[in-house]
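To keep things clear, I will list the structure first and then write my remarks on it.
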Amino acid sequence: MRYFITVLFITSILTLIGCGNSAEDYMNEASENLKNNKTSEAVAAYQKLIDEYPESEQAPEALYQLATIYQGVLLPDLTREESMNKSIESFKKIFEKYPQNKYAPVSLFMSGFVQANELQNYDEATKAYNLFLQKYPDHELAKSAKEELDNMGLSPEDILKKAETLD
């Protein structure tokens with residue numbers, strides 16, 4: 001009888017351990033939820049992945065997906081400003097925690113872009129763009145970062161007038 005209880009206990013523990021989701025499971029769950037327009041559920045799955053598997057290969061991508069969801073203001077329970085701030089926070093986290101990841105340069109650029117174009121926080125945007133140019137001077141977005149710095153705060157009409165005077 002004692003043997004049976006021990007086997008049952010060990011089997012129960014192994015079953016509980018085996019029921020946890022992997023990072024890949026969370027990515028698949030989030031992706032499926034996005035396909036079905038269940039954005040809040042997708043955000044929850046991405047967040048679980050980041051919390052439970054911060055060192056996984058999928059964590060930077062999950063953070064990037066979160067940042068783009070927040071940037072798109074896709075969660076009805078957040079104000080536009082809250083959503084933009086969460087977007088910036090997520091983009092910055094990618095650059096800070098995963099500087100060698102393929103998402104790091106784009107995330108740093110996007111943190112500046114959202115600061116400048118969505119929140120008109122030009123000081124923070126300037127810092128982000130300058131850091132981007134310092135870290136990634138040959139990146140395909142370097143030219144865009146320079147243009148953003150040159151045109152920051154200008155209206156589209158002012159940018160056109162500026163371009164006309166340079167021609």
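In the structure tokens, chains take the letters A, B, ... in the order shown, each chain's residues start at 1, and ligands count up from 1 in the order shown.
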
Could you please write out, as JSON, numbers by chain, every residue of range 102-153 of chain A that DSSP assigns to alpha helix (DSSP H)? {"A": [103, 104, 105, 106, 107, 108, 109, 110, 111, 112, 113, 114, 115, 116, 117, 122, 123, 124, 125, 126, 127, 128, 129, 130, 131, 132, 133, 134, 135, 142, 143, 144, 145, 146, 147, 148, 149, 150, 151]}

Who sits within 12 Å of Tyr26 in chain A, only C-alpha atoms, same chain under 3 positions skipped, as a PyMOL selection string: chain A and resi 20-23+29-33+41-53+56+58-59+61-62

Tell me, as a VMD selection string, which residues lie within 7 Å of Leu75 in chain A, counting only C-alpha atoms; anything in the same chain fewer than 2 positions away does not count. chain A and resid 39 to 40 73 77 to 78

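Residues in contact with Ser111 in chain A at up to 9 Å, not including ones fewer than 2 positions away on its chain and judged by only C-alpha atoms, are Ser87, Ile88, Glu89, Ser90, Phe91, Lys92, Val106, Ser107, Leu108, Phe109, Phe113, Val114, Gln115, Ala116, Glu124, Ala125, Ala128 and Tyr129 of chain A.
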
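Distances from A:Gln65, A:Lys102, A:Asp158, A:Leu149 to Leu131 in chain A were compared using only C-alpha atoms, and the smallest one belongs to A:Leu149.
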
Using only C-alpha atoms, determine which residues lie at most 10 Å from Asn101 in chain A, disregarding the query and same-chain residues fewer than 4 positions distant; provide the list as a PDB file with N, CA and C atoms, in the first residue's frame.
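Saved as around-v1.pdb:
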ATOM      1  N   GLU A  57      14.686  32.141 -26.427  1.00  0.00           N
ATOM      2  CA  GLU A  57      14.819  32.768 -27.747  1.00  0.00           C
ATOM      3  C   GLU A  57      13.577  33.573 -28.102  1.00  0.00           C
ATOM      4  N   PRO A  60      12.495  38.044 -26.659  1.00  0.00           N
ATOM      5  CA  PRO A  60      12.581  39.337 -27.368  1.00  0.00           C
ATOM      6  C   PRO A  60      11.460  39.524 -28.390  1.00  0.00           C
ATOM      7  N   GLU A  61      11.115  38.455 -29.084  1.00  0.00           N
ATOM      8  CA  GLU A  61      10.019  38.561 -30.059  1.00  0.00           C
ATOM      9  C   GLU A  61       8.693  38.829 -29.360  1.00  0.00           C
ATOM     10  N   ILE A  94      13.662  45.626 -24.874  1.00  0.00           N
ATOM     11  CA  ILE A  94      14.316  44.746 -25.854  1.00  0.00           C
ATOM     12  C   ILE A  94      15.753  45.188 -26.045  1.00  0.00           C
ATOM     13  N   PHE A  95      15.946  46.480 -26.281  1.00  0.00           N
ATOM     14  CA  PHE A  95      17.296  46.994 -26.500  1.00  0.00           C
ATOM     15  C   PHE A  95      18.176  46.786 -25.263  1.00  0.00           C
ATOM     16  N   LYS A  97      17.703  44.585 -22.523  1.00  0.00           N
ATOM     17  CA  LYS A  97      17.883  43.202 -22.062  1.00  0.00           C
ATOM     18  C   LYS A  97      18.464  42.276 -23.117  1.00  0.00           C
ATOM     19  N   PRO A 105      17.996  46.806 -32.651  1.00  0.00           N
ATOM     20  CA  PRO A 105      18.118  48.082 -33.369  1.00  0.00           C
ATOM     21  C   PRO A 105      16.760  48.696 -33.725  1.00  0.00           C
TER      22      PRO A 105
END

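Going from CA of Gln120 in chain A over to CA of Gly153 in chain A, you cover 7.3 Å.
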
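Nearest to Pro99 in chain A of all the residues A:Tyr136, A:Glu157, A:Met152, A:Asp25 is A:Tyr136, based on only C-alpha atoms.
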